[in-house]
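Structure file input.tsv; described as TSV, C-alpha atoms and all ligand atoms.
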```
chain	number	residue	atom	x	y	z
A	645	MET	CA	101.29	105.70	103.45
A	646	THR	CA	103.94	108.24	102.66
A	647	ALA	CA	105.73	108.43	99.32
A	648	THR	CA	109.16	106.77	99.28
A	649	GLU	CA	111.82	106.85	96.60
A	650	VAL	CA	113.99	103.99	95.30
A	651	TYR	CA	116.38	104.89	92.50
A	652	ARG	CA	114.22	107.24	90.44
A	653	PHE	CA	110.89	105.60	91.23
A	654	VAL	CA	108.47	107.24	93.65
A	655	PHE	CA	105.78	105.02	95.14
A	656	LYS	CA	102.43	106.67	95.86
A	657	PRO	CA	98.90	105.43	96.59
A	658	MET	CA	96.51	106.06	93.69
A	659	GLY	CA	92.86	107.10	93.83
A	660	LEU	CA	89.69	106.95	91.78
A	661	ALA	CA	90.52	110.22	90.00
A	662	GLN	CA	93.47	108.40	88.35
A	663	ILE	CA	91.44	105.56	86.83
A	664	GLY	CA	92.22	106.85	83.31
A	665	ARG	CA	95.99	106.52	83.92
A	666	VAL	CA	95.56	103.05	85.38
A	667	ARG	CA	93.46	101.80	82.49
A	668	ALA	CA	95.91	103.22	79.96
A	669	VAL	CA	98.72	101.20	81.60
A	670	GLU	CA	96.54	98.07	81.53
A	671	GLN	CA	95.64	98.69	77.89
A	672	GLU	CA	99.29	99.08	76.89
A	673	ALA	CA	100.27	95.89	78.76
A	674	LEU	CA	97.47	93.92	77.10
A	675	ALA	CA	98.55	95.16	73.67
A	676	HIS	CA	102.08	93.84	74.36
A	677	MET	CA	101.09	90.44	75.79
A	678	GLU	CA	102.89	87.48	74.24
A	679	ARG	CA	99.95	85.26	75.19
A	680	PRO	CA	96.41	86.53	75.84
A	681	ASP	CA	95.86	84.07	78.70
A	682	LEU	CA	98.59	85.66	80.86
A	683	LEU	CA	96.61	88.71	81.91
A	684	ARG	CA	92.88	89.26	82.32
A	685	ARG	CA	91.33	92.59	81.36
A	686	ASN	CA	89.73	94.02	84.50
A	687	THR	CA	86.31	95.62	84.39
A	688	GLU	CA	85.86	99.32	85.12
A	689	GLN	CA	83.91	98.27	88.22
A	690	MET	CA	86.85	96.19	89.48
A	691	TRP	CA	89.29	99.07	88.94
A	692	CYS	CA	86.92	101.45	90.78
A	693	GLU	CA	86.92	98.99	93.66
A	694	CYS	CA	90.70	98.59	93.66
A	695	LEU	CA	91.22	102.35	93.68
A	696	GLN	CA	89.22	102.84	96.88
A	697	PRO	CA	89.72	101.77	100.50
A	698	PRO	CA	90.07	99.26	102.00
A	699	HIS	CA	92.04	98.25	98.90
A	700	LEU	CA	95.31	99.95	97.97
A	701	CYS	CA	96.56	100.65	94.46
A	702	LEU	CA	100.19	101.72	94.65
A	703	GLY	CA	101.72	103.53	91.68
A	704	ALA	CA	105.44	103.61	90.77
A	705	TRP	CA	106.16	107.00	89.23
A	706	VAL	CA	109.07	108.49	87.37
A	707	GLY	CA	108.31	112.18	87.46
A	708	GLU	CA	104.85	112.56	85.92
A	709	GLU	CA	105.05	109.14	84.24
A	710	LEU	CA	103.26	106.15	85.74
A	711	ALA	CA	105.71	103.25	85.23
A	712	GLY	CA	103.68	100.54	86.93
A	713	LEU	CA	101.20	99.72	89.65
A	714	GLY	CA	100.25	97.01	92.10
A	715	VAL	CA	97.04	96.34	94.00
A	716	LEU	CA	96.53	95.03	97.51
A	717	TYR	CA	92.96	93.73	97.53
A	718	VAL	CA	91.45	93.33	100.98
A	719	PRO	CA	88.36	91.18	100.57
A	720	GLU	CA	85.34	91.24	102.82
A	721	ARG	CA	84.98	88.03	104.76
A	722	GLY	CA	83.23	85.41	102.67
A	723	GLY	CA	83.63	87.18	99.34
A	724	CYS	CA	83.69	84.62	96.55
A	725	GLU	CA	86.38	86.62	94.72
A	726	ASP	CA	88.70	85.88	97.61
A	727	LEU	CA	91.12	83.10	96.72
A	728	SER	CA	92.92	83.73	99.98
A	729	LEU	CA	89.94	82.15	101.76
A	730	ILE	CA	91.28	78.81	100.59
A	731	LEU	CA	94.30	79.45	102.74
A	732	THR	CA	92.95	81.29	105.77
A	733	ARG	CA	93.34	78.21	107.96
A	734	LEU	CA	96.86	77.32	106.93
A	735	ASP	CA	98.59	75.01	109.42
A	736	GLY	CA	95.49	75.09	111.60
A	737	ARG	CA	95.98	78.80	112.26
A	738	GLN	CA	93.48	81.47	111.29
A	739	TYR	CA	94.91	84.40	109.31
A	740	ALA	CA	93.53	87.74	108.23
A	741	SER	CA	94.29	87.66	104.52
A	742	ALA	CA	94.52	89.78	101.39
A	743	ASN	CA	95.46	89.37	97.74
A	744	PHE	CA	98.37	90.88	95.82
A	745	LYS	CA	95.82	91.04	93.07
A	746	ILE	CA	97.17	92.95	90.12
A	747	CYS	CA	100.61	94.11	89.11
A	748	ILE	CA	101.38	95.75	85.80
A	749	VAL	CA	104.61	97.39	84.67
A	750	ARG	CA	104.67	99.32	81.42
A	751	PRO	CA	106.85	97.48	78.86
A	752	CYS	CA	109.40	100.33	78.70
A	753	TRP	CA	109.92	100.18	82.50
A	754	ARG	CA	110.32	96.42	82.86
A	755	GLY	CA	113.62	94.95	84.04
A	756	HIS	CA	113.86	96.98	87.27
A	757	HIS	CA	112.11	94.37	89.48
A	758	LEU	CA	109.27	96.83	89.98
A	759	GLN	CA	106.82	94.01	90.78
A	760	VAL	CA	109.10	93.09	93.68
A	761	GLU	CA	109.37	96.72	94.81
A	762	LEU	CA	105.60	97.16	94.67
A	763	GLY	CA	104.97	93.78	96.32
A	764	GLN	CA	107.30	94.60	99.23
A	765	ARG	CA	105.55	97.89	99.90
A	766	LEU	CA	102.08	96.37	99.68
A	767	ALA	CA	103.15	93.57	102.05
A	768	ALA	CA	104.44	96.15	104.55
A	769	GLU	CA	101.13	98.00	104.36
A	770	ALA	CA	99.25	94.70	104.86
A	771	LYS	CA	101.42	93.90	107.88
A	772	ALA	CA	100.69	97.32	109.37
A	773	ARG	CA	96.99	96.44	109.06
A	774	GLY	CA	97.47	93.10	110.85
A	775	ILE	CA	97.12	91.01	107.67
A	776	GLY	CA	99.18	87.86	108.23
A	777	LEU	CA	98.58	86.03	104.95
A	778	LEU	CA	98.95	87.23	101.38
A	779	CYS	CA	98.01	85.33	98.27
A	780	ALA	CA	98.50	85.89	94.56
A	781	THR	CA	97.86	84.01	91.36
A	782	ALA	CA	99.91	83.87	88.19
A	783	SER	CA	99.78	81.91	85.00
A	784	PRO	CA	102.47	79.22	85.18
A	785	HIS	CA	103.59	80.57	81.78
A	786	ASN	CA	104.05	84.12	83.11
A	787	MET	CA	107.71	83.71	84.05
A	788	ALA	CA	108.31	87.37	84.95
A	789	SER	CA	105.44	87.27	87.44
A	790	VAL	CA	106.27	83.79	88.82
A	791	LYS	CA	109.93	84.79	89.34
A	792	SER	CA	108.91	88.03	91.04
A	793	LEU	CA	106.50	86.26	93.41
A	794	LEU	CA	109.15	83.70	94.35
A	795	ARG	CA	111.66	86.52	94.93
A	796	LEU	CA	109.05	88.15	97.21
A	797	GLY	CA	108.95	84.96	99.30
A	798	TYR	CA	105.66	83.57	98.02
A	799	CYS	CA	105.29	79.77	98.00
A	800	GLU	CA	103.37	77.74	95.45
A	801	ASP	CA	100.18	76.24	96.88
A	802	SER	CA	98.11	74.67	94.11
A	803	GLN	CA	96.80	74.98	90.58
A	804	VAL	CA	93.41	76.68	90.34
A	805	GLU	CA	91.16	77.80	87.52
A	806	LYS	CA	90.60	81.55	87.55
A	807	TYR	CA	89.16	83.83	84.88
A	808	GLY	CA	88.76	80.65	82.81
A	809	PHE	CA	92.53	80.08	82.74
A	810	GLU	CA	95.01	77.90	84.60
A	811	ARG	CA	96.61	79.77	87.46
A	812	THR	CA	99.12	78.89	90.16
A	813	LEU	CA	98.00	80.00	93.62
A	814	PHE	CA	100.83	81.43	95.71
A	815	TYR	CA	100.84	82.44	99.38
A	816	ARG	CA	103.15	84.21	101.75
A	817	ILE	CA	102.96	84.33	105.52
A	818	ASN	CA	103.31	88.02	106.17
B	901	LIG	C1	104.87	90.70	85.45
B	901	LIG	C2	105.47	92.10	85.38
B	901	LIG	C3	104.67	93.04	86.31
B	901	LIG	C4	106.93	92.04	85.86
B	901	LIG	O1	107.57	93.27	85.58
B	901	LIG	P1	108.98	93.66	86.29
B	901	LIG	O2	108.80	93.83	87.74
B	901	LIG	O3	109.54	94.78	85.52
B	901	LIG	O4	109.82	92.31	86.07
B	901	LIG	P2	111.32	92.21	85.52
B	901	LIG	O5	111.36	92.56	84.07
B	901	LIG	O6	112.20	92.94	86.44
B	901	LIG	O7	111.57	90.62	85.58
B	901	LIG	C5	111.51	89.88	86.80
B	901	LIG	C6	112.31	88.60	86.59
B	901	LIG	O8	111.68	87.82	85.54
B	901	LIG	C7	112.62	87.61	84.47
B	901	LIG	N1	111.84	87.63	83.23
B	901	LIG	C8	111.24	88.69	82.66
B	901	LIG	N2	110.60	88.30	81.54
B	901	LIG	C9	110.83	86.96	81.41
B	901	LIG	C10	110.46	85.99	80.45
B	901	LIG	N3	109.68	86.30	79.40
B	901	LIG	N4	110.88	84.71	80.63
B	901	LIG	C11	111.64	84.37	81.68
B	901	LIG	N5	112.04	85.25	82.64
B	901	LIG	C12	111.63	86.53	82.50
B	901	LIG	C13	113.63	88.71	84.60
B	901	LIG	O9	114.85	88.34	83.99
B	901	LIG	C14	113.74	88.82	86.10
B	901	LIG	O10	114.50	87.74	86.58
B	901	LIG	P3	115.49	87.84	87.86
B	901	LIG	O11	114.60	88.01	89.06
B	901	LIG	O12	116.22	86.55	87.85
B	901	LIG	O13	116.36	89.05	87.62
B	901	LIG	C15	105.46	92.66	83.91
B	901	LIG	O14	106.11	91.73	83.07
B	901	LIG	C16	104.06	92.93	83.40
B	901	LIG	O15	103.50	94.00	83.62
B	901	LIG	N6	103.48	91.95	82.69
B	901	LIG	C17	102.11	92.10	82.17
B	901	LIG	C18	101.11	92.10	83.29
B	901	LIG	C19	101.20	90.82	84.11
B	901	LIG	O16	101.35	89.73	83.58
B	901	LIG	N7	101.07	90.98	85.47
B	901	LIG	C20	101.14	89.86	86.38
B	901	LIG	C21	99.81	89.26	86.65
B	901	LIG	S1	98.67	90.43	87.40
```

What would you get if you wrote out this structure as structure tokens?
Ligand SMILES: CC(C)(COP(=O)(O)OP(=O)(O)OC[C@H]1O[C@@H](n2cnc3c(N)ncnc32)[C@H](O)[C@@H]1OP(=O)(O)O)[C@@H](O)C(=O)NCCC(=O)NCCS
Amino acid sequence: MTATEVYRFVFKPMGLAQIGRVRAVEQEALAHMERPDLLRRNTEQMWCECLQPPHLCLGAWVGEELAGLGVLYVPERGGCEDLSLILTRLDGRQYASANFKICIVRPCWRGHHLQVELGQRLAAEAKARGIGLLCATASPHNMASVKSLLRLGYCEDSQVEKYGFERTLFYRIN
């Protein structure tokens, strides 16, 4: 992917060398959570995975500042982590699928629809890879995330339990 600019944000793929920046953004978001069940803390191992191919962690930058990030997680077939497997045979059709797994925007950069901007770019990358189905989960109480997913064209599928919390499973035909 090449870097593109919208307003003052520059969107660039992130790599393993930037794990410290990513975890600092996660840490700050967790410290500002209204409710602890809205966002799960990811393990270092999960972040290492997300920061390496075939997955894509896209950062939204303002100069040297990381404002937010989103992850396209491309599971191996049969992986139990893969909620999208529930949906791979939607309408009797078989889809290659991936998850819009994580999206975090630093509190001071919220209000710019960055989740939508990141989600659109990750969906375009998924499409370029032939991925026809995207899924995502959000707490039904996480209104910023639910609104962003709906704005991105995701549809509600079902309620699932994930990370020990209630989550709404969303999907989008890509
Ligand atoms: C979810 C998150 C990424 C969204 O950040 P963002 O892209 O800056 O979202 P915005 O602030 O632009 O808000 C998006 C929409 O939700 C609305 N919104 C924001 N906070 C809200 C709240 N507490 N209640 C209701 N609506 C809210 C906004 O008004 C906006 O609505 P609009 O589309 O009608 O204009 C950010 O809140 C975040 O990082 N949260 C913590 C991490 C998280 O929960 N990630 C999602 C699960 S991985």

Within 8 Å of segment 746-763 of chain A using all atoms listed in the file, minus same-chain residues under 6 positions, as a CSV table (one decimal) with C-alpha atoms, in the frame of the given file:
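Output (result-v1.csv):
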```
chain,number,residue,atom,x,y,z
A,655,PHE,CA,105.8,105.0,95.1
A,669,VAL,CA,98.7,101.2,81.6
A,670,GLU,CA,96.5,98.1,81.5
A,672,GLU,CA,99.3,99.1,76.9
A,673,ALA,CA,100.3,95.9,78.8
A,676,HIS,CA,102.1,93.8,74.4
A,702,LEU,CA,100.2,101.7,94.6
A,704,ALA,CA,105.4,103.6,90.8
A,711,ALA,CA,105.7,103.2,85.2
A,712,GLY,CA,103.7,100.5,86.9
A,713,LEU,CA,101.2,99.7,89.6
A,714,GLY,CA,100.2,97.0,92.1
A,715,VAL,CA,97.0,96.3,94.0
A,716,LEU,CA,96.5,95.0,97.5
A,789,SER,CA,105.4,87.3,87.4
A,792,SER,CA,108.9,88.0,91.0
A,793,LEU,CA,106.5,86.3,93.4
A,795,ARG,CA,111.7,86.5,94.9
A,796,LEU,CA,109.0,88.2,97.2
```

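Picture a line from atom CA of Arg679 of chain A to atom CA of Ala767 of chain A; it runs 28.3 Å.
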
Pairwise distance for atom CA of Gln738 of chain A and atom CA of Lys791 of chain A, rounded to one decimal in Å: 27.6 Å

In terms of the shortest atom-to-atom distance over all atoms listed in the file, which of A:Glu720, A:Asp681, A:Glu693, A:Glu805 is closest to Met658 of chain A? A:Glu693

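The spacing separating atom CA of Arg667 of chain A from atom C1 of ligand LIG 901 (chain B) amounts to 16.2 Å.
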
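Distance check against ligand LIG 901 (chain B) using all atoms listed in the file: of A:Gln696, A:Thr812, A:Ser741, A:Ser802, the minimum falls on A:Thr812.
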
Write out as a ChimeraX atom specification which residues come within 8 Å of Ala770 of chain A when counting all atoms listed in the file, dropping same-chain ones fewer than 5 positions away. /A:716,742,775-776,818

Just to be explicit: take each residue in the selection above, keep C-alpha atoms, and write the result as a PDB file, keeping the file's coordinate frame.
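What follows is the written file again26.pdb:
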```
ATOM      1  CA  LEU A 716      96.530  95.030  97.510  1.00  0.00           C
ATOM      2  CA  ALA A 742      94.520  89.780 101.390  1.00  0.00           C
ATOM      3  CA  ILE A 775      97.120  91.010 107.670  1.00  0.00           C
ATOM      4  CA  GLY A 776      99.180  87.860 108.230  1.00  0.00           C
ATOM      5  CA  ASN A 818     103.310  88.020 106.170  1.00  0.00           C
TER       6      ASN A 818
END
```

So that I can check the surroundings of Pro657 of chain A, please list as a ChimeraX atom specification every protein, DNA and RNA residue that reaches within 7 Å of it, counting all atoms listed in the file and ignoring chain neighbours fewer than 5 positions away. /A:700-703

Around all listed atoms of segment 698-711 of chain A, padded 8 Å per side, what centre and edge lengths does the axis-aligned box have in Å to one decimal, as AutoDock Vina command-line options?
```
--center_x 99.6 --center_y 105.4 --center_z 93.1 --size_x 35.0 --size_y 30.3 --size_z 33.8
```

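The smallest atom-to-atom distance between ligand LIG 901 (chain B) and any of A:Phe744, A:Phe814, A:Tyr739, A:Phe809, using all atoms listed in the file, is found for A:Phe744.
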
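Using only C-alpha atoms, the protein and nucleic acid residues lying no more than 10 Å from Val804 of chain A, apart from those fewer than 4 places from it along its own chain, are Leu727, Thr781, Ala782, Ser783, Gly808, Phe809, Glu810, Arg811, Thr812 and Leu813 of chain A.
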
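Between ligand LIG 901 (chain B) and the residues A:Ile817, A:Ala661, A:Ala768, A:Ala675, the shortest atom-to-atom distance, using all atoms listed in the file, involves A:Ala675.
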
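With all atoms listed in the file as the atoms that count, the residue of A:Asn686, A:Gln803, A:Asn786, A:Gln662 with the shortest distance to ligand LIG 901 (chain B) is A:Asn786.
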
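Using all atoms listed in the file, the smallest distance between any of A:Ala668, A:Leu683, A:Leu695, A:Val654 and Tyr717 of chain A comes from A:Leu695.
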